[in-house]
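Pasted below: final-v7.pdb, PDB, C-alpha atoms.
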ATOM      1  CA  MET A  66      22.561 -50.839  66.558  1.00  0.00           C
ATOM      2  CA  GLU A  67      21.578 -50.286  70.149  1.00  0.00           C
ATOM      3  CA  PHE A  68      24.667 -52.167  71.109  1.00  0.00           C
ATOM      4  CA  LEU A  69      26.919 -49.300  69.985  1.00  0.00           C
ATOM      5  CA  SER A  70      24.854 -46.795  71.977  1.00  0.00           C
ATOM      6  CA  GLN A  71      25.775 -48.333  75.310  1.00  0.00           C
ATOM      7  CA  THR A  72      27.922 -46.222  77.605  1.00  0.00           C
ATOM      8  CA  TRP A  73      31.079 -47.597  79.185  1.00  0.00           C
ATOM      9  CA  PHE A  74      33.052 -45.445  81.580  1.00  0.00           C
ATOM     10  CA  GLY A  75      31.415 -42.269  80.284  1.00  0.00           C
ATOM     11  CA  ASN A  76      31.949 -42.984  76.570  1.00  0.00           C
ATOM     12  CA  LEU A  77      29.709 -44.595  74.015  1.00  0.00           C
ATOM     13  CA  LEU A  78      30.816 -48.001  72.818  1.00  0.00           C
ATOM     14  CA  ARG A  79      31.267 -46.589  69.313  1.00  0.00           C
ATOM     15  CA  ALA A  80      33.748 -44.081  70.787  1.00  0.00           C
ATOM     16  CA  TRP A  81      35.705 -46.978  72.280  1.00  0.00           C
ATOM     17  CA  PHE A  82      35.753 -48.710  68.902  1.00  0.00           C
ATOM     18  CA  LEU A  83      36.922 -45.470  67.299  1.00  0.00           C
ATOM     19  CA  ALA A  84      39.714 -45.191  69.882  1.00  0.00           C
ATOM     20  CA  LEU A  85      40.710 -48.806  69.195  1.00  0.00           C
ATOM     21  CA  ALA A  86      40.692 -48.171  65.439  1.00  0.00           C
ATOM     22  CA  LEU A  87      42.800 -45.024  65.900  1.00  0.00           C
ATOM     23  CA  THR A  88      45.256 -46.922  68.079  1.00  0.00           C
ATOM     24  CA  ILE A  89      45.627 -49.740  65.553  1.00  0.00           C
ATOM     25  CA  ALA A  90      45.912 -47.293  62.641  1.00  0.00           C
ATOM     26  CA  ALA A  91      48.517 -45.197  64.459  1.00  0.00           C
ATOM     27  CA  LEU A  92      50.521 -48.304  65.360  1.00  0.00           C
ATOM     28  CA  ALA A  93      50.430 -49.539  61.770  1.00  0.00           C
ATOM     29  CA  MET A  94      51.378 -46.112  60.431  1.00  0.00           C
ATOM     30  CA  LEU A  95      54.269 -45.616  62.855  1.00  0.00           C
ATOM     31  CA  ARG A  96      55.739 -49.048  62.183  1.00  0.00           C
ATOM     32  CA  GLY A  97      55.139 -48.742  58.453  1.00  0.00           C
ATOM     33  CA  LEU A  98      56.740 -45.316  58.340  1.00  0.00           C
ATOM     34  CA  ARG A  99      59.765 -46.624  60.222  1.00  0.00           C
ATOM     35  CA  ASN A 100      60.120 -49.627  57.893  1.00  0.00           C
ATOM     36  CA  LEU A 101      59.677 -47.484  54.770  1.00  0.00           C
ATOM     37  CA  THR A 102      62.239 -44.959  55.985  1.00  0.00           C
ATOM     38  CA  VAL A 103      64.736 -47.710  56.797  1.00  0.00           C
ATOM     39  CA  ARG A 104      64.317 -49.259  53.344  1.00  0.00           C
ATOM     40  CA  ARG A 105      64.755 -45.894  51.612  1.00  0.00           C
ATOM     41  CA  LEU A 106      67.799 -45.023  53.703  1.00  0.00           C
ATOM     42  CA  GLN A 107      69.363 -48.407  52.944  1.00  0.00           C
ATOM     43  CA  HIS A 108      69.216 -47.654  49.237  1.00  0.00           C
ATOM     44  CA  VAL A 109      70.856 -44.271  49.810  1.00  0.00           C
ATOM     45  CA  ALA A 110      73.434 -45.714  52.228  1.00  0.00           C
ATOM     46  CA  HIS A 111      74.915 -47.988  49.561  1.00  0.00           C
ATOM     47  CA  ASP A 112      75.824 -44.966  47.419  1.00  0.00           C
ATOM     48  CA  THR A 113      77.446 -42.835  50.128  1.00  0.00           C
ATOM     49  CA  THR A 114      80.696 -43.115  52.017  1.00  0.00           C
ATOM     50  CA  THR A 115      79.497 -41.355  55.165  1.00  0.00           C
ATOM     51  CA  GLN A 116      78.510 -43.304  58.230  1.00  0.00           C
ATOM     52  CA  LEU A 117      75.689 -40.948  59.218  1.00  0.00           C
ATOM     53  CA  ASP A 118      73.096 -42.713  57.083  1.00  0.00           C
ATOM     54  CA  ASP A 119      74.125 -46.041  58.626  1.00  0.00           C
ATOM     55  CA  LEU A 120      73.732 -44.447  62.052  1.00  0.00           C
ATOM     56  CA  ALA A 121      70.249 -43.187  61.130  1.00  0.00           C
ATOM     57  CA  ILE A 122      69.265 -46.672  59.966  1.00  0.00           C
ATOM     58  CA  SER A 123      70.565 -48.173  63.195  1.00  0.00           C
ATOM     59  CA  LEU A 124      68.670 -45.613  65.282  1.00  0.00           C
ATOM     60  CA  LEU A 125      65.427 -46.248  63.405  1.00  0.00           C
ATOM     61  CA  ARG A 126      65.813 -50.000  63.680  1.00  0.00           C
ATOM     62  CA  SER A 127      66.354 -49.725  67.415  1.00  0.00           C
ATOM     63  CA  SER A 128      62.981 -48.034  67.907  1.00  0.00           C
ATOM     64  CA  ARG A 129      61.129 -50.357  70.247  1.00  0.00           C
ATOM     65  CA  SER A 130      57.670 -51.793  69.650  1.00  0.00           C
ATOM     66  CA  TRP A 131      56.527 -50.709  73.110  1.00  0.00           C
ATOM     67  CA  PHE A 132      57.383 -47.129  72.158  1.00  0.00           C
ATOM     68  CA  PHE A 133      55.135 -47.287  69.115  1.00  0.00           C
ATOM     69  CA  LEU A 134      52.413 -48.981  71.166  1.00  0.00           C
ATOM     70  CA  ALA A 135      52.484 -46.332  73.904  1.00  0.00           C
ATOM     71  CA  ILE A 136      52.304 -43.488  71.394  1.00  0.00           C
ATOM     72  CA  SER A 137      49.456 -45.251  69.568  1.00  0.00           C
ATOM     73  CA  ILE A 138      47.500 -45.766  72.775  1.00  0.00           C
ATOM     74  CA  TYR A 139      47.951 -42.092  73.603  1.00  0.00           C
ATOM     75  CA  ILE A 140      46.653 -41.107  70.155  1.00  0.00           C
ATOM     76  CA  GLY A 141      43.644 -43.434  70.542  1.00  0.00           C
ATOM     77  CA  ALA A 142      42.891 -42.127  74.026  1.00  0.00           C
ATOM     78  CA  LEU A 143      42.691 -38.567  72.725  1.00  0.00           C
ATOM     79  CA  SER A 144      39.328 -39.422  71.147  1.00  0.00           C
ATOM     80  CA  LEU A 145      37.840 -40.465  74.502  1.00  0.00           C
ATOM     81  CA  THR A 146      36.568 -38.475  77.441  1.00  0.00           C
ATOM     82  CA  LEU A 147      38.444 -40.059  80.325  1.00  0.00           C
ATOM     83  CA  PRO A 148      38.621 -39.215  84.018  1.00  0.00           C
ATOM     84  CA  GLY A 149      41.440 -36.790  84.809  1.00  0.00           C
ATOM     85  CA  THR A 150      43.575 -39.344  86.635  1.00  0.00           C
ATOM     86  CA  LEU A 151      43.397 -41.886  83.813  1.00  0.00           C
ATOM     87  CA  GLU A 152      44.090 -39.213  81.224  1.00  0.00           C
ATOM     88  CA  ASP A 153      47.092 -38.035  83.256  1.00  0.00           C
ATOM     89  CA  PHE A 154      48.318 -41.626  83.628  1.00  0.00           C
ATOM     90  CA  ILE A 155      48.169 -42.235  79.872  1.00  0.00           C
ATOM     91  CA  ARG A 156      49.927 -38.932  79.171  1.00  0.00           C
ATOM     92  CA  ILE A 157      52.670 -39.639  81.719  1.00  0.00           C
ATOM     93  CA  ALA A 158      53.112 -43.203  80.437  1.00  0.00           C
ATOM     94  CA  ALA A 159      53.508 -41.864  76.883  1.00  0.00           C
ATOM     95  CA  ILE A 160      56.039 -39.281  78.076  1.00  0.00           C
ATOM     96  CA  PHE A 161      58.013 -41.917  79.997  1.00  0.00           C
ATOM     97  CA  THR A 162      58.172 -44.230  77.004  1.00  0.00           C
ATOM     98  CA  LEU A 163      59.268 -41.298  74.847  1.00  0.00           C
ATOM     99  CA  LEU A 164      61.981 -40.421  77.368  1.00  0.00           C
ATOM    100  CA  LEU A 165      63.137 -44.029  77.583  1.00  0.00           C
ATOM    101  CA  GLN A 166      63.257 -44.394  73.802  1.00  0.00           C
ATOM    102  CA  ALA A 167      65.129 -41.073  73.519  1.00  0.00           C
ATOM    103  CA  ALA A 168      67.602 -42.324  76.123  1.00  0.00           C
ATOM    104  CA  LEU A 169      68.175 -45.508  74.117  1.00  0.00           C
ATOM    105  CA  TRP A 170      68.746 -43.453  70.963  1.00  0.00           C
ATOM    106  CA  ALA A 171      71.105 -41.116  72.827  1.00  0.00           C
ATOM    107  CA  ASN A 172      72.973 -44.112  74.223  1.00  0.00           C
ATOM    108  CA  GLN A 173      73.523 -45.342  70.673  1.00  0.00           C
ATOM    109  CA  LEU A 174      74.755 -41.893  69.650  1.00  0.00           C
ATOM    110  CA  ILE A 175      77.199 -41.896  72.556  1.00  0.00           C
ATOM    111  CA  GLU A 176      78.454 -45.331  71.539  1.00  0.00           C
ATOM    112  CA  TYR A 177      78.865 -44.175  67.933  1.00  0.00           C
ATOM    113  CA  GLY A 178      80.799 -41.078  69.002  1.00  0.00           C
ATOM    114  CA  LEU A 179      83.068 -43.055  71.311  1.00  0.00           C
ATOM    115  CA  GLN A 180      83.805 -45.688  68.683  1.00  0.00           C
ATOM    116  CA  ARG A 181      84.632 -42.968  66.210  1.00  0.00           C
ATOM    117  CA  TYR A 182      86.932 -41.272  68.713  1.00  0.00           C
ATOM    118  CA  ALA A 183      88.640 -44.590  69.484  1.00  0.00           C
ATOM    119  CA  ARG A 184      89.176 -45.335  65.774  1.00  0.00           C
ATOM    120  CA  GLN A 185      91.096 -42.083  65.289  1.00  0.00           C
ATOM    121  CA  SER A 186      94.085 -43.725  66.919  1.00  0.00           C
ATOM    122  CA  LEU A 187      94.966 -46.987  65.218  1.00  0.00           C
ATOM    123  CA  ASP A 188      97.838 -47.807  67.596  1.00  0.00           C
ATOM    124  CA  ALA A 189      95.282 -48.641  70.343  1.00  0.00           C
ATOM    125  CA  GLU A 190      97.074 -46.703  73.008  1.00  0.00           C
ATOM    126  CA  THR A 191      96.167 -47.677  76.527  1.00  0.00           C
ATOM    127  CA  ASP A 192      95.596 -44.027  77.401  1.00  0.00           C
ATOM    128  CA  ARG A 193      93.077 -43.616  74.596  1.00  0.00           C
ATOM    129  CA  GLN A 194      91.219 -46.774  75.634  1.00  0.00           C
ATOM    130  CA  ASN A 195      91.032 -45.520  79.202  1.00  0.00           C
ATOM    131  CA  THR A 196      89.835 -42.120  78.009  1.00  0.00           C
ATOM    132  CA  VAL A 197      87.107 -43.723  75.900  1.00  0.00           C
ATOM    133  CA  ALA A 198      85.967 -45.867  78.834  1.00  0.00           C
ATOM    134  CA  ILE A 199      85.848 -42.892  81.214  1.00  0.00           C
ATOM    135  CA  LEU A 200      84.098 -40.664  78.654  1.00  0.00           C
ATOM    136  CA  GLY A 201      81.558 -43.420  78.002  1.00  0.00           C
ATOM    137  CA  LEU A 202      80.785 -43.841  81.684  1.00  0.00           C
ATOM    138  CA  ALA A 203      80.581 -40.095  82.333  1.00  0.00           C
ATOM    139  CA  SER A 204      78.376 -39.395  79.320  1.00  0.00           C
ATOM    140  CA  ARG A 205      75.989 -42.229  80.215  1.00  0.00           C
ATOM    141  CA  ILE A 206      75.751 -40.973  83.806  1.00  0.00           C
ATOM    142  CA  VAL A 207      74.904 -37.503  82.495  1.00  0.00           C
ATOM    143  CA  LEU A 208      72.387 -38.942  80.010  1.00  0.00           C
ATOM    144  CA  TRP A 209      70.512 -41.042  82.560  1.00  0.00           C
ATOM    145  CA  SER A 210      70.627 -38.202  85.100  1.00  0.00           C
ATOM    146  CA  ILE A 211      68.940 -35.914  82.583  1.00  0.00           C
ATOM    147  CA  ILE A 212      66.340 -38.579  81.779  1.00  0.00           C
ATOM    148  CA  LEU A 213      65.675 -39.097  85.496  1.00  0.00           C
ATOM    149  CA  LEU A 214      65.300 -35.353  86.055  1.00  0.00           C
ATOM    150  CA  LEU A 215      62.903 -35.041  83.116  1.00  0.00           C
ATOM    151  CA  ALA A 216      60.864 -37.979  84.401  1.00  0.00           C
ATOM    152  CA  LEU A 217      60.664 -36.488  87.889  1.00  0.00           C
ATOM    153  CA  ASP A 218      59.687 -33.129  86.436  1.00  0.00           C
ATOM    154  CA  ASN A 219      56.832 -34.753  84.498  1.00  0.00           C
ATOM    155  CA  LEU A 220      55.652 -36.423  87.691  1.00  0.00           C
ATOM    156  CA  GLY A 221      55.332 -32.995  89.258  1.00  0.00           C
ATOM    157  CA  VAL A 222      58.379 -33.227  91.527  1.00  0.00           C
ATOM    158  CA  GLU A 223      60.131 -29.888  92.065  1.00  0.00           C
ATOM    159  CA  ILE A 224      63.611 -30.458  90.600  1.00  0.00           C
ATOM    160  CA  SER A 225      65.126 -26.988  91.019  1.00  0.00           C
ATOM    161  CA  GLY A 226      66.723 -28.059  94.314  1.00  0.00           C
ATOM    162  CA  LEU A 227      68.146 -31.169  92.648  1.00  0.00           C
ATOM    163  CA  LEU A 228      69.571 -29.077  89.819  1.00  0.00           C
ATOM    164  CA  THR A 229      71.137 -26.687  92.303  1.00  0.00           C
ATOM    165  CA  GLY A 230      72.673 -29.584  94.216  1.00  0.00           C
ATOM    166  CA  LEU A 231      74.007 -31.149  91.021  1.00  0.00           C
ATOM    167  CA  GLY A 232      75.497 -27.812  89.960  1.00  0.00           C
ATOM    168  CA  ILE A 233      77.224 -27.284  93.301  1.00  0.00           C
ATOM    169  CA  GLY A 234      78.390 -30.915  93.290  1.00  0.00           C
ATOM    170  CA  GLY A 235      79.768 -30.494  89.770  1.00  0.00           C
ATOM    171  CA  ILE A 236      81.704 -27.419  90.804  1.00  0.00           C
ATOM    172  CA  ALA A 237      83.085 -29.256  93.840  1.00  0.00           C
ATOM    173  CA  ILE A 238      84.203 -32.205  91.709  1.00  0.00           C
ATOM    174  CA  ALA A 239      85.795 -29.926  89.106  1.00  0.00           C
TER     175      ALA A 239
END

File written out as structure tokens:
Amino acid sequence: MEFLSQTWFGNLLRAWFLALALTIAALAMLRGLRNLTVRRLQHVAHDTTTQLDDLAISLLRSSRSWFFLAISIYIGALSLTLPGTLEDFIRIAAIFTLLLQAALWANQLIEYGLQRYARQSLDAETDRQNTVAILGLASRIVLWSIILLLALDNLGVEISGLLTGLGIGGIAIA
């Protein structure tokens, strides 16, 4: 088995195979866990009147494959000794995919909350529709601003000046 004793980019070939196996196993486990949880929640959802279990099912179903892949690659890369820049790149890529997936989940939560607020008034008042539209836009702007700030912070950008500017701007708008 001399073949497995070869070194590629500072790691033995068997270490690369281990990283690949860990990545595949993590991907299979994450997707399997999501599918199992969705199936179990669906059985529970039929017996309840609350919409929260339906929301949880919807959130789990909306978990993207690229999110699971990025997390799996990060887990596999932990078993390797990589150069600092590549290790940082993989870590930052995993954080960005986590932030993006969290933003998509939060966007769904915002949509759920707005639909629930809009359903409280069955007469479909124009004022309520306008309020829902403005609240939706404002909450999504806040959400994506927070995601952008978190992404910049993980890139090493100093965001305290941006936060100060946003705070002063918020006071001026209010």

From A:Ala203, A:Leu227, A:Leu214, A:Ile157, residue lying nearest Leu179 in chain A [only C-alpha atoms]: A:Ala203

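When only C-alpha atoms are used to measure the gap to Asn219 in chain A, the shortest distance among A:Ala159, A:Ala168, A:Ile138, A:Leu85 belongs to A:Ala159.
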
Hey, can you pull every residue with an atom no more than 12 Å from (84.6, -43.0, 80.1), using all atoms listed in the file, and send it as a ChimeraX atom specification? /A:175-176,178-180,182-183,192-207

Please, could you write that set of residues out with C-alpha atoms as an mmCIF file, in the frame of the given file?
data_model
loop_
_atom_site.group_PDB
_atom_site.id
_atom_site.type_symbol
_atom_site.label_atom_id
_atom_site.label_comp_id
_atom_site.auth_asym_id
_atom_site.auth_seq_id
_atom_site.Cartn_x
_atom_site.Cartn_y
_atom_site.Cartn_z
ATOM 1 C CA ILE A 175 77.199 -41.896 72.556
ATOM 2 C CA GLU A 176 78.454 -45.331 71.539
ATOM 3 C CA GLY A 178 80.799 -41.078 69.002
ATOM 4 C CA LEU A 179 83.068 -43.055 71.311
ATOM 5 C CA GLN A 180 83.805 -45.688 68.683
ATOM 6 C CA TYR A 182 86.932 -41.272 68.713
ATOM 7 C CA ALA A 183 88.640 -44.590 69.484
ATOM 8 C CA ASP A 192 95.596 -44.027 77.401
ATOM 9 C CA ARG A 193 93.077 -43.616 74.596
ATOM 10 C CA GLN A 194 91.219 -46.774 75.634
ATOM 11 C CA ASN A 195 91.032 -45.520 79.202
ATOM 12 C CA THR A 196 89.835 -42.120 78.009
ATOM 13 C CA VAL A 197 87.107 -43.723 75.900
ATOM 14 C CA ALA A 198 85.967 -45.867 78.834
ATOM 15 C CA ILE A 199 85.848 -42.892 81.214
ATOM 16 C CA LEU A 200 84.098 -40.664 78.654
ATOM 17 C CA GLY A 201 81.558 -43.420 78.002
ATOM 18 C CA LEU A 202 80.785 -43.841 81.684
ATOM 19 C CA ALA A 203 80.581 -40.095 82.333
ATOM 20 C CA SER A 204 78.376 -39.395 79.320
ATOM 21 C CA ARG A 205 75.989 -42.229 80.215
ATOM 22 C CA ILE A 206 75.751 -40.973 83.806
ATOM 23 C CA VAL A 207 74.904 -37.503 82.495
#

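Nearest-residue note for Leu101 in chain A: choosing from A:Ile122, A:Arg184, A:Ile238, A:Leu231, the minimum distance belongs to A:Ile122, counting only C-alpha atoms.
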
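Applied to the shown file, the PyMOL selection byres ((chain A and resi 91-99) around 10) selects the residues A:Leu85, A:Ala86, A:Leu87, A:Thr88, A:Ile89, A:Ala90, A:Asn100, A:Leu101, A:Thr102, A:Val103, A:Arg104, A:Arg105, A:Ile122, A:Leu125, A:Arg126, A:Ser128, A:Arg129, A:Ser130, A:Phe132, A:Phe133, A:Leu134, A:Ala135, A:Ile136, A:Ser137, A:Ile138, A:Tyr139, A:Ile140, A:Gly141.
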
Just how far from CA of Asn172 in chain A is CA of Gly226 in chain A, in Å to one decimal? 26.5 Å

Go through A:Ser225, A:Leu151, A:Leu215, A:Leu169 one by one, measure the shortest atom-to-atom distance of each to Ser123 in chain A using only C-alpha atoms, and give the residue with the smallest value.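 Closest to Ser123 in chain A, using only C-alpha atoms: A:Leu169.
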
Would you list the residues near (83.0, -44.2, 58.0), meaning any protein, DNA or RNA residue with an atom at most 12 Å from that point in file coordinates, counting all atoms listed in the file, as a PyMOL selection string? chain A and resi 110+113-120+177-178+180-182+184-185

Write to file, as a short mmCIF file (atom, residue, chain, number, x, y, z; two decimals), in the frame of the given file, the residues of the selection just made, with C-alpha atoms.
data_model
loop_
_atom_site.label_atom_id
_atom_site.label_comp_id
_atom_site.auth_asym_id
_atom_site.auth_seq_id
_atom_site.Cartn_x
_atom_site.Cartn_y
_atom_site.Cartn_z
CA ALA A 110 73.43 -45.71 52.23
CA THR A 113 77.45 -42.84 50.13
CA THR A 114 80.70 -43.12 52.02
CA THR A 115 79.50 -41.36 55.16
CA GLN A 116 78.51 -43.30 58.23
CA LEU A 117 75.69 -40.95 59.22
CA ASP A 118 73.10 -42.71 57.08
CA ASP A 119 74.12 -46.04 58.63
CA LEU A 120 73.73 -44.45 62.05
CA TYR A 177 78.86 -44.18 67.93
CA GLY A 178 80.80 -41.08 69.00
CA GLN A 180 83.80 -45.69 68.68
CA ARG A 181 84.63 -42.97 66.21
CA TYR A 182 86.93 -41.27 68.71
CA ARG A 184 89.18 -45.34 65.77
CA GLN A 185 91.10 -42.08 65.29
#

Could you work out how far CA of Gln166 in chain A lies from CA of Leu145 in chain A, giving the answer in Å with one decimal? 25.7 Å

Output as lines of an AutoDock Vina configuration file the centre and edge lengths (Å, one decimal) of the box along x, y and z of the file that holds every listed atom of range 102-107 of chain A after adding 8 Å on each side.
center_x = 65.8
center_y = -47.1
center_z = 54.2
size_x = 23.1
size_y = 20.3
size_z = 21.2

Report, in Å with one decimal, the straight-line distance from CA of Gln173 in chain A to CA of Gly234 in chain A. 27.3 Å

Among A:Leu124, A:Ala171, A:Ala142, A:Leu106, Leu83 in chain A is approached most closely, using only C-alpha atoms, by A:Ala142

Between A:Phe161, A:Val109, A:Phe154, A:Trp81, which has the minimum distance to Asp218 in chain A (counting all atoms listed in the file)? A:Phe161
